[in-house]
Amino acid sequence: MIYNDLIQKKKKMAVIGLGYVGLPIALEFARKIPVIGFDIREDRVHLMKQRIDPSNELGPEAFDGCDIKFTSSLEDIREASFYVVAVPTPVDEHKKPDLRPVISATETVGKVLSEGDYVVYESTVYPGCTEEDCIPLLSKLSGLKYIDQFKVGFSPERINPGDREHTLTKIAKVTSGCDEESAGEIAKTYELVIEAGVHRASSIKVAEAAKIIENAQRDINIAFMNELSMIFNKMGINTYEVLEAAGTKWNFLKFQPGLVGGHCIGVDPYYLTYKSAKFGHHAQIINSGRAINDGMAAYVARQVTLKLSSIFPNLKDCRVLVMGATFKENVSDIRNSKVADVVSELKEFGVKVEVVDPHASPDEIRKEYGFELSPSIQGPYHGIVVAVNHREYAMLDEEYFRSITVPGAVFADLKGIFRGRISPLNYWSL
């Protein structure tokens with residue numbers, strides 16, 4: 001049995017893809033069993049060999065006591081018998097699933113797969129992807145017969161970037177396998193590191209579907225909050241005050257409006273709508289939620305420029321400082337950041353925009369979005385958009401913002417963290 005061979009260190013695990021999901025998985029397992037960490041980017045592998053997390057999520061101490069070998073060599077992962085695939089699953093410019101990373105990872109594993117090996121996918125995909133797109137490729141490249149000669153499972157990742165409380169080991173894990181034997185072996189293997197326990201899904205498709213609806217559910221609820229914010233804005237009501245009042249009821253769901261980006265909530269629903277369309281079903285609620293959330297950047301920019309133009313006669317003379325460029329607070333990840341869309345929309349109106357962020361990489365911002373991060377804050381500004389509530393910004397006060405703005409400046413507080421604290425400026429929030 002693969003589980004016994006792993007804990008007795010007769011066999012090794014290989015984690016394919018060492019990003020914000022793969023690296024924590026690899027390191028946790030490496031405290032229990034031998035692990036090979038594989039990534040196609042040699043620059044990232046070089047950093048990890050020096051105990052540096054390229055995603056800036058883990059400190060050097062996370063590498064302590066780990067039996068792990070980092071590599072970008074295909075030959076090195078031939079030593080493994082249990083493969084965990086943890087690569088991104090983005091969408092393309094048409095909002096269609098882009099399976100190239102997961103297919104590439106599958107090809108990598110297929111070339112080294114041996115009889116008796118296990119492959120577990122953690123990448124978020126639509127129900128059926130593992131069995132319809134990945135397994136046939138594994139069989140073709142390895143020459144092995146599925147189930148009889150190799151086993152496959154699916155265990156969706158649930159890592160929340162920037163969350164120091166709900167870490168990998170403290171979040172319940174869903175696991176699944178292609179048959180009864182593999183389901184048991186995979187569950188026992190994950191139980192080595194998951195303190196919160198494991199839920200054994202009845203099939204691979206069920207596990208895939210469970211993950212995809214987690215993020216679709218959040219997307220829909222946030223879209224509802226965003227639509228409410230548009231309605232209440234027209235009525236002159238503060239949305240956060242409404243939510244605070246409604247939240248006094250025990251069963252009120254406490255979601256908030258905001259920009260929805262990143263590589264999960266802003267992406268995963270498209271995988272479900274894509275697959276549902278294949279079955280002839282138009283996912284009305286999911287698509288509507290996506291339309292609202294994808295339009296929020298334009299809405300924010302429009303509201304800011306309307307307020308600026310009502311105070312200052314010439315928009316082209318206005319300087320606006322956008323604070324925050326990552327997709328969420330206290331992380332360095334800029335993938336699918338909707339702040340970039342806010343910046344683009346503001347520039348379309350002719351506004352001079354400067355962007356700062358204490359966590360984002362200037363090089364990555366330049367490469368991904370084509371604009372520069374300002375090295376410092378140099379006021380005075382006619383408007384400020386606090387787009388991401390980084391801890392560094394939450395500590396600032398009214399006196400500071402007054403010192404970097406002109407009289408009557410617009411203050412857009414997208415997450416409402418300064419509500420009731422910014423009185424002299426023209427305050428607005430979602």
# chains A, B, ... in the order shown; residues from 1 in each chain; ligands from 1
call {"tool": "residues_around", "arguments": {"residues": "Gly379 (chain A)", "least_positions_apart": "3", "cutoff": "10 Å", "atoms": "only C-alpha atoms", "output": "list in words"}}
result
Arg319, Val320, Leu321, Ser376, His382, Phe401, Arg402, Ser403, Ile404, Thr405 and Val406 of chain A
call {"tool": "write_last_selection", "arguments": {"atoms": "C-alpha atoms", "output": "JSON list (two decimals), in the first residue's frame"}}
result
[["chain", "number", "residue", "atom", "x", "y", "z"],
["A", 319, "ARG", "CA", -3.95, 63.87, -9.39],
["A", 320, "VAL", "CA", -5.32, 60.69, -7.82],
["A", 321, "LEU", "CA", -3.41, 58.37, -5.53],
["A", 376, "SER", "CA", 6.88, 57.30, -2.61],
["A", 382, "HIS", "CA", -7.13, 65.80, -5.56],
["A", 401, "PHE", "CA", -4.57, 62.14, 4.59],
["A", 402, "ARG", "CA", -5.18, 65.87, 5.01],
["A", 403, "SER", "CA", -1.42, 66.44, 4.75],
["A", 404, "ILE", "CA", -1.23, 64.86, 1.28],
["A", 405, "THR", "CA", -4.43, 66.27, -0.27],
["A", 406, "VAL", "CA", -5.77, 69.59, -1.49]]
call {"tool": "closest_residue", "arguments": {"among": "A:Ser429, A:Leu306, A:Thr124, A:Ser81", "to": "Asn233 (chain A)", "atoms": "only C-alpha atoms"}}
result
A:Ser429
call {"tool": "atom_distance", "arguments": {"atom1": "CA of Asp43 (chain A)", "atom2": "CA of Pro97 (chain A)"}}
result
26.9 Å
call {"tool": "residues_around", "arguments": {"residues": "Asp148 (chain A)", "least_positions_apart": "2", "cutoff": "12 Å", "atoms": "only C-alpha atoms", "output": "PDB file with C-alpha atoms, in the first residue's frame"}}
result
ATOM      1  CA  SER A 114       5.358   3.937 -13.090  1.00  0.00           C
ATOM      2  CA  GLU A 115       3.117   1.019 -12.235  1.00  0.00           C
ATOM      3  CA  GLY A 116       1.573   1.388  -8.780  1.00  0.00           C
ATOM      4  CA  ASP A 117       1.934   5.166  -8.692  1.00  0.00           C
ATOM      5  CA  TYR A 118      -0.686   7.641  -7.488  1.00  0.00           C
ATOM      6  CA  SER A 139      -2.479   6.646 -19.696  1.00  0.00           C
ATOM      7  CA  GLY A 143       1.439   3.314 -21.390  1.00  0.00           C
ATOM      8  CA  LEU A 144      -0.221   2.231 -18.149  1.00  0.00           C
ATOM      9  CA  LYS A 145      -3.806   1.177 -17.572  1.00  0.00           C
ATOM     10  CA  TYR A 146      -5.880   3.497 -15.377  1.00  0.00           C
ATOM     11  CA  PHE A 150      -2.002   3.587 -11.565  1.00  0.00           C
ATOM     12  CA  LYS A 151      -4.489   5.417  -9.352  1.00  0.00           C
ATOM     13  CA  VAL A 152      -5.807   8.983  -9.478  1.00  0.00           C
ATOM     14  CA  CYS A 178     -10.837   6.564  -8.417  1.00  0.00           C
ATOM     15  CA  ASP A 179     -11.834   3.466  -6.438  1.00  0.00           C
ATOM     16  CA  GLU A 181      -8.662   1.470  -2.346  1.00  0.00           C
ATOM     17  CA  SER A 182      -7.291   4.759  -3.671  1.00  0.00           C
TER      18      SER A 182
END
call {"tool": "select_by_dssp", "arguments": {"residues": "region 85-295 of chain A", "states": "strand (DSSP E)", "output": "list of chain:residue names"}}
result
A:Val85, A:Tyr118, A:Val119, A:Val120, A:Tyr121, A:Lys151, A:Val152, A:Gly153, A:Phe154, A:Lys173, A:Val174, A:Thr175, A:Val198, A:His199, A:Arg200
call {"tool": "write_last_selection", "arguments": {"atoms": "C-alpha atoms", "output": "short mmCIF file (atom, residue, chain, number, x, y, z; two decimals), in the first residue's frame"}}
result
data_model
loop_
_atom_site.label_atom_id
_atom_site.label_comp_id
_atom_site.auth_asym_id
_atom_site.auth_seq_id
_atom_site.Cartn_x
_atom_site.Cartn_y
_atom_site.Cartn_z
CA VAL A 85 -0.39 18.44 -8.97
CA TYR A 118 -0.69 7.64 -7.49
CA VAL A 119 -1.55 11.07 -8.94
CA VAL A 120 -3.66 13.54 -6.95
CA TYR A 121 -4.86 16.82 -8.47
CA LYS A 151 -4.49 5.42 -9.35
CA VAL A 152 -5.81 8.98 -9.48
CA GLY A 153 -7.54 11.20 -6.95
CA PHE A 154 -8.69 14.77 -6.51
CA LYS A 173 -9.58 18.69 3.47
CA VAL A 174 -11.82 17.07 0.88
CA THR A 175 -10.26 13.98 -0.69
CA VAL A 198 -10.46 14.85 6.07
CA HIS A 199 -13.82 14.48 4.32
CA ARG A 200 -13.90 11.59 1.87
#
call {"tool": "residues_around", "arguments": {"residues": "region 28-34 of chain A", "least_positions_apart": "5", "cutoff": "10 Å", "atoms": "only C-alpha atoms", "output": "NGL selection string"}}
result
:A and (5-15 or 23 or 62-69 or 80 or 168-169 or 189-190 or 192-194)
call {"tool": "write_last_selection", "arguments": {"atoms": "C-alpha atoms", "output": "compact mmCIF listing (two decimals), in the first residue's frame"}}
result
# COMPACT_ATOMS: atom_id res chain seq x y z
CA ASP A 5 5.50 2.86 1.82
CA LEU A 6 5.42 6.65 2.23
CA ILE A 7 5.46 6.71 6.02
CA GLN A 8 8.18 4.05 6.07
CA LYS A 9 10.09 6.26 3.62
CA LYS A 10 10.36 3.51 1.06
CA LYS A 11 8.68 5.79 -1.48
CA LYS A 12 8.59 9.54 -2.09
CA MET A 13 6.02 12.19 -2.87
CA ALA A 14 6.50 14.78 -5.61
CA VAL A 15 4.60 18.08 -5.59
CA LEU A 23 4.92 25.01 -1.57
CA ALA A 62 8.73 27.06 7.39
CA PHE A 63 11.58 25.13 5.76
CA ASP A 64 12.88 23.81 9.10
CA GLY A 65 12.89 20.05 9.60
CA CYS A 66 11.80 19.29 6.04
CA ASP A 67 13.05 16.31 4.04
CA ILE A 68 12.64 17.98 0.66
CA LYS A 69 14.57 18.31 -2.57
CA ALA A 80 8.54 9.63 -6.70
CA LEU A 168 -3.23 24.45 5.44
CA THR A 169 -3.25 22.09 8.42
CA THR A 189 -1.94 10.25 3.32
CA TYR A 190 -3.52 13.68 3.76
CA LEU A 192 -0.67 12.88 8.00
CA VAL A 193 -0.70 16.68 7.81
CA ILE A 194 -4.31 17.90 8.05
call {"tool": "select_by_dssp", "arguments": {"residues": "region 41-142 of chain A", "states": "alpha helix (DSSP H)", "output": "PDB file with C-alpha atoms, in the first residue's frame"}}
result
ATOM      1  CA  GLU A  42      14.427  27.650 -12.167  1.00  0.00           C
ATOM      2  CA  ASP A  43      14.536  31.117 -10.570  1.00  0.00           C
ATOM      3  CA  ARG A  44      11.833  30.054  -8.093  1.00  0.00           C
ATOM      4  CA  VAL A  45      13.599  26.757  -7.383  1.00  0.00           C
ATOM      5  CA  HIS A  46      16.832  28.663  -6.710  1.00  0.00           C
ATOM      6  CA  LEU A  47      15.071  30.848  -4.129  1.00  0.00           C
ATOM      7  CA  MET A  48      13.454  27.891  -2.372  1.00  0.00           C
ATOM      8  CA  LYS A  49      16.802  26.156  -2.084  1.00  0.00           C
ATOM      9  CA  ARG A 100      -2.585  24.609 -20.348  1.00  0.00           C
ATOM     10  CA  PRO A 101      -0.829  24.614 -16.932  1.00  0.00           C
ATOM     11  CA  VAL A 102      -2.670  21.521 -15.679  1.00  0.00           C
ATOM     12  CA  ILE A 103      -2.239  19.722 -19.023  1.00  0.00           C
ATOM     13  CA  SER A 104       1.471  20.566 -19.029  1.00  0.00           C
ATOM     14  CA  ALA A 105       1.810  19.249 -15.464  1.00  0.00           C
ATOM     15  CA  THR A 106      -0.073  16.099 -16.485  1.00  0.00           C
ATOM     16  CA  GLU A 107       2.338  15.578 -19.381  1.00  0.00           C
ATOM     17  CA  THR A 108       5.251  15.973 -16.977  1.00  0.00           C
ATOM     18  CA  VAL A 109       3.861  13.310 -14.637  1.00  0.00           C
ATOM     19  CA  GLY A 110       2.790  11.043 -17.504  1.00  0.00           C
ATOM     20  CA  CYS A 129     -11.829  17.529 -15.978  1.00  0.00           C
ATOM     21  CA  ILE A 135      -6.368  10.688 -16.970  1.00  0.00           C
ATOM     22  CA  PRO A 136      -6.430   9.766 -20.693  1.00  0.00           C
ATOM     23  CA  LEU A 137      -3.234  11.779 -21.131  1.00  0.00           C
ATOM     24  CA  LEU A 138      -1.573  10.022 -18.187  1.00  0.00           C
ATOM     25  CA  SER A 139      -2.479   6.646 -19.696  1.00  0.00           C
ATOM     26  CA  LYS A 140      -1.296   7.608 -23.166  1.00  0.00           C
ATOM     27  CA  LEU A 141       2.099   8.954 -22.085  1.00  0.00           C
ATOM     28  CA  SER A 142       2.843   6.275 -19.492  1.00  0.00           C
TER      29      SER A 142
END
call {"tool": "atom_distance", "arguments": {"atom1": "CA of Val386 (chain A)", "atom2": "CA of Ala412 (chain A)"}}
result
6.2 Å
call {"tool": "atom_distance", "arguments": {"atom1": "CA of Ala291 (chain A)", "atom2": "CA of Phe224 (chain A)"}}
result
11.3 Å
call {"tool": "residues_around", "arguments": {"residues": "Val343 (chain A)", "least_positions_apart": "6", "cutoff": "10 Å", "atoms": "only C-alpha atoms", "output": "JSON, numbers by chain"}}
result
{"A": [297, 298, 301, 320, 321, 322, 325, 351, 352, 353, 354, 355, 369, 371, 385]}
call {"tool": "write_last_selection", "arguments": {"atoms": "N, CA and C atoms", "output": "mmCIF file, in the first residue's frame"}}
result
data_model
loop_
_atom_site.group_PDB
_atom_site.id
_atom_site.type_symbol
_atom_site.label_atom_id
_atom_site.label_comp_id
_atom_site.auth_asym_id
_atom_site.auth_seq_id
_atom_site.Cartn_x
_atom_site.Cartn_y
_atom_site.Cartn_z
ATOM 1 N N ALA A 297 -14.848 47.614 -11.192
ATOM 2 C CA ALA A 297 -13.724 48.540 -11.369
ATOM 3 C C ALA A 297 -14.167 49.774 -12.152
ATOM 4 N N ALA A 298 -14.919 49.550 -13.217
ATOM 5 C CA ALA A 298 -15.430 50.669 -14.011
ATOM 6 C C ALA A 298 -16.385 51.521 -13.190
ATOM 7 N N ALA A 301 -14.298 53.702 -10.738
ATOM 8 C CA ALA A 301 -13.635 54.794 -11.455
ATOM 9 C C ALA A 301 -14.645 55.871 -11.856
ATOM 10 N N VAL A 320 -4.663 61.669 -8.695
ATOM 11 C CA VAL A 320 -5.320 60.693 -7.823
ATOM 12 C C VAL A 320 -4.308 59.654 -7.377
ATOM 13 N N LEU A 321 -4.284 59.393 -6.085
ATOM 14 C CA LEU A 321 -3.413 58.373 -5.525
ATOM 15 C C LEU A 321 -4.227 57.115 -5.263
ATOM 16 N N VAL A 322 -3.821 56.018 -5.879
ATOM 17 C CA VAL A 322 -4.458 54.724 -5.631
ATOM 18 C C VAL A 322 -3.561 53.945 -4.676
ATOM 19 N N ALA A 325 -2.382 47.639 -4.807
ATOM 20 C CA ALA A 325 -2.444 47.099 -6.174
ATOM 21 C C ALA A 325 -2.593 45.587 -6.204
ATOM 22 N N VAL A 351 -7.491 61.406 -15.868
ATOM 23 C CA VAL A 351 -6.941 61.686 -14.548
ATOM 24 C C VAL A 351 -5.489 61.225 -14.461
ATOM 25 N N LYS A 352 -4.663 62.006 -13.776
ATOM 26 C CA LYS A 352 -3.276 61.595 -13.525
ATOM 27 C C LYS A 352 -3.273 60.659 -12.323
ATOM 28 N N VAL A 353 -2.817 59.438 -12.528
ATOM 29 C CA VAL A 353 -2.908 58.414 -11.489
ATOM 30 C C VAL A 353 -1.521 57.975 -11.021
ATOM 31 N N GLU A 354 -1.366 57.906 -9.712
ATOM 32 C CA GLU A 354 -0.168 57.336 -9.105
ATOM 33 C C GLU A 354 -0.605 56.157 -8.238
ATOM 34 N N VAL A 355 0.170 55.083 -8.242
ATOM 35 C CA VAL A 355 -0.193 53.872 -7.502
ATOM 36 C C VAL A 355 0.947 53.495 -6.566
ATOM 37 N N TYR A 369 0.829 44.606 -15.879
ATOM 38 C CA TYR A 369 -0.203 45.614 -16.144
ATOM 39 C C TYR A 369 0.282 46.858 -16.883
ATOM 40 N N PHE A 371 2.025 49.532 -15.889
ATOM 41 C CA PHE A 371 2.192 50.830 -15.239
ATOM 42 C C PHE A 371 3.206 50.706 -14.115
ATOM 43 N N VAL A 385 -7.811 56.894 -3.528
ATOM 44 C CA VAL A 385 -8.606 55.669 -3.578
ATOM 45 C C VAL A 385 -7.882 54.617 -2.751
#
call {"tool": "closest_residue", "arguments": {"among": "A:Val300, A:Cys318, A:Leu113, A:Ile220", "to": "Ala283 (chain A)", "atoms": "only C-alpha atoms"}}
result
A:Ile220
call {"tool": "closest_residue", "arguments": {"among": "A:Lys249, A:Arg41, A:Lys307, A:His263", "to": "Pro54 (chain A)", "atoms": "only C-alpha atoms"}}
result
A:Arg41
call {"tool": "residues_around", "arguments": {"residues": "region 284-288 of chain A", "least_positions_apart": "5", "cutoff": "9 Å", "atoms": "only C-alpha atoms", "output": "list in words"}}
result
Ala216, Gln217, Asp219, Ile220, Ala223, Pro269, Tyr270, Leu272, Thr273 and Asn293 of chain A
call {"tool": "write_last_selection", "arguments": {"atoms": "C-alpha atoms", "output": "JSON list (two decimals), in the first residue's frame"}}
result
[["chain", "number", "residue", "atom", "x", "y", "z"],
["A", 216, "ALA", "CA", -18.93, 30.52, -6.92],
["A", 217, "GLN", "CA", -21.01, 30.90, -3.76],
["A", 219, "ASP", "CA", -18.74, 35.36, -5.82],
["A", 220, "ILE", "CA", -22.54, 35.46, -5.97],
["A", 223, "ALA", "CA", -22.08, 40.43, -6.26],
["A", 269, "PRO", "CA", -17.06, 30.44, -11.50],
["A", 270, "TYR", "CA", -16.15, 30.61, -15.18],
["A", 272, "LEU", "CA", -18.57, 26.01, -13.82],
["A", 273, "THR", "CA", -20.43, 28.18, -16.35],
["A", 293, "ASN", "CA", -18.27, 41.86, -10.10]]
call {"tool": "decode", "arguments": {"residues": "region 51-92 of chain A", "atoms": "N, CA and C atoms", "output": "CSV table (one decimal), in the first residue's frame"}}
result
chain,number,residue,atom,x,y,z
A,51,ARG,N,15.8,28.7,1.1
A,51,ARG,CA,14.7,28.9,2.2
A,51,ARG,C,13.9,30.2,2.0
A,52,ILE,N,13.7,30.6,0.8
A,52,ILE,CA,12.9,31.8,0.5
A,52,ILE,C,11.7,31.4,-0.3
A,53,ASP,N,10.5,31.8,0.2
A,53,ASP,CA,9.3,31.6,-0.5
A,53,ASP,C,9.1,32.7,-1.6
A,54,PRO,N,9.1,32.4,-2.8
A,54,PRO,CA,8.9,33.4,-3.9
A,54,PRO,C,7.5,34.1,-3.8
A,55,SER,N,6.5,33.5,-3.2
A,55,SER,CA,5.2,34.1,-3.0
A,55,SER,C,5.1,34.9,-1.8
A,56,ASN,N,6.2,35.0,-1.0
A,56,ASN,CA,6.2,35.8,0.3
A,56,ASN,C,5.1,35.5,1.3
A,57,GLU,N,4.7,34.2,1.3
A,57,GLU,CA,3.7,33.8,2.2
A,57,GLU,C,4.3,33.1,3.4
A,58,LEU,N,5.5,32.5,3.3
A,58,LEU,CA,6.1,31.7,4.3
A,58,LEU,C,7.5,32.3,4.7
A,59,GLY,N,7.8,32.2,5.9
A,59,GLY,CA,9.1,32.7,6.4
A,59,GLY,C,10.2,31.5,6.3
A,60,PRO,N,11.4,31.8,6.5
A,60,PRO,CA,12.5,30.8,6.4
A,60,PRO,C,12.2,29.6,7.4
A,61,GLU,N,11.6,29.9,8.5
A,61,GLU,CA,11.4,28.9,9.5
A,61,GLU,C,10.4,27.8,9.0
A,62,ALA,N,9.6,28.1,8.0
A,62,ALA,CA,8.7,27.1,7.4
A,62,ALA,C,9.5,25.9,6.7
A,63,PHE,N,10.8,26.1,6.4
A,63,PHE,CA,11.6,25.1,5.8
A,63,PHE,C,12.3,24.2,6.8
A,64,ASP,N,12.2,24.6,8.1
A,64,ASP,CA,12.9,23.8,9.1
A,64,ASP,C,12.4,22.4,9.2
A,65,GLY,N,13.3,21.4,9.4
A,65,GLY,CA,12.9,20.1,9.6
A,65,GLY,C,12.2,19.4,8.4
A,66,CYS,N,12.5,19.9,7.2
A,66,CYS,CA,11.8,19.3,6.0
A,66,CYS,C,12.8,18.4,5.2
A,67,ASP,N,12.3,17.2,4.9
A,67,ASP,CA,13.0,16.3,4.0
A,67,ASP,C,12.6,16.6,2.6
A,68,ILE,N,13.1,17.6,2.0
A,68,ILE,CA,12.6,18.0,0.7
A,68,ILE,C,13.8,18.3,-0.3
A,69,LYS,N,13.6,18.0,-1.5
A,69,LYS,CA,14.6,18.3,-2.6
A,69,LYS,C,13.8,19.2,-3.6
A,70,PHE,N,14.3,20.4,-3.8
A,70,PHE,CA,13.7,21.3,-4.8
A,70,PHE,C,14.4,21.1,-6.2
A,71,THR,N,13.6,21.0,-7.2
A,71,THR,CA,14.2,20.8,-8.6
A,71,THR,C,13.3,21.3,-9.7
A,72,SER,N,14.0,21.5,-10.8
A,72,SER,CA,13.2,21.8,-12.1
A,72,SER,C,13.5,20.7,-13.1
A,73,SER,N,14.1,19.6,-12.6
A,73,SER,CA,14.6,18.5,-13.5
A,73,SER,C,13.5,17.4,-13.6
A,74,LEU,N,13.1,17.0,-14.7
A,74,LEU,CA,12.2,15.9,-14.9
A,74,LEU,C,12.7,14.6,-14.4
A,75,GLU,N,14.0,14.4,-14.5
A,75,GLU,CA,14.6,13.2,-14.1
A,75,GLU,C,14.5,13.0,-12.6
A,76,ASP,N,14.6,14.1,-11.8
A,76,ASP,CA,14.5,14.0,-10.4
A,76,ASP,C,13.2,13.4,-9.9
A,77,ILE,N,12.1,13.8,-10.6
A,77,ILE,CA,10.8,13.3,-10.0
A,77,ILE,C,10.5,11.9,-10.4
A,78,ARG,N,11.3,11.2,-11.2
A,78,ARG,CA,11.2,9.8,-11.5
A,78,ARG,C,11.3,9.0,-10.2
A,79,GLU,N,11.9,9.5,-9.2
A,79,GLU,CA,12.1,8.8,-7.9
A,79,GLU,C,10.8,8.8,-7.1
A,80,ALA,N,9.8,9.6,-7.5
A,80,ALA,CA,8.5,9.6,-6.7
A,80,ALA,C,7.5,8.6,-7.1
A,81,SER,N,6.6,8.3,-6.2
A,81,SER,CA,5.5,7.3,-6.5
A,81,SER,C,4.1,7.9,-6.2
A,82,PHE,N,4.1,9.1,-5.5
A,82,PHE,CA,2.8,9.7,-5.2
A,82,PHE,C,3.0,11.2,-5.7
A,83,TYR,N,2.2,11.6,-6.7
A,83,TYR,CA,2.4,12.9,-7.3
A,83,TYR,C,1.2,13.8,-6.9
A,84,VAL,N,1.5,15.0,-6.5
A,84,VAL,CA,0.4,16.0,-6.2
A,84,VAL,C,0.6,17.1,-7.2
A,85,VAL,N,-0.4,17.4,-8.0
A,85,VAL,CA,-0.4,18.4,-9.0
A,85,VAL,C,-1.1,19.7,-8.4
A,86,ALA,N,-0.3,20.8,-8.3
A,86,ALA,CA,-0.9,22.0,-7.7
A,86,ALA,C,-0.5,23.2,-8.5
A,87,VAL,N,-1.0,23.2,-9.7
A,87,VAL,CA,-0.6,24.3,-10.7
A,87,VAL,C,-1.9,25.2,-10.9
A,88,PRO,N,-1.7,26.4,-11.3
A,88,PRO,CA,-2.8,27.4,-11.5
A,88,PRO,C,-3.8,26.9,-12.6
A,89,THR,N,-5.0,27.3,-12.5
A,89,THR,CA,-6.0,27.0,-13.6
A,89,THR,C,-6.7,28.3,-13.9
A,90,PRO,N,-6.1,29.2,-14.7
A,90,PRO,CA,-6.7,30.5,-15.0
A,90,PRO,C,-7.7,30.4,-16.1
A,91,VAL,N,-8.2,31.6,-16.5
A,91,VAL,CA,-9.1,31.7,-17.7
A,91,VAL,C,-8.4,32.5,-18.8
A,92,ASP,N,-8.8,32.4,-20.0
A,92,ASP,CA,-8.2,33.1,-21.1
A,92,ASP,C,-8.9,34.5,-21.2
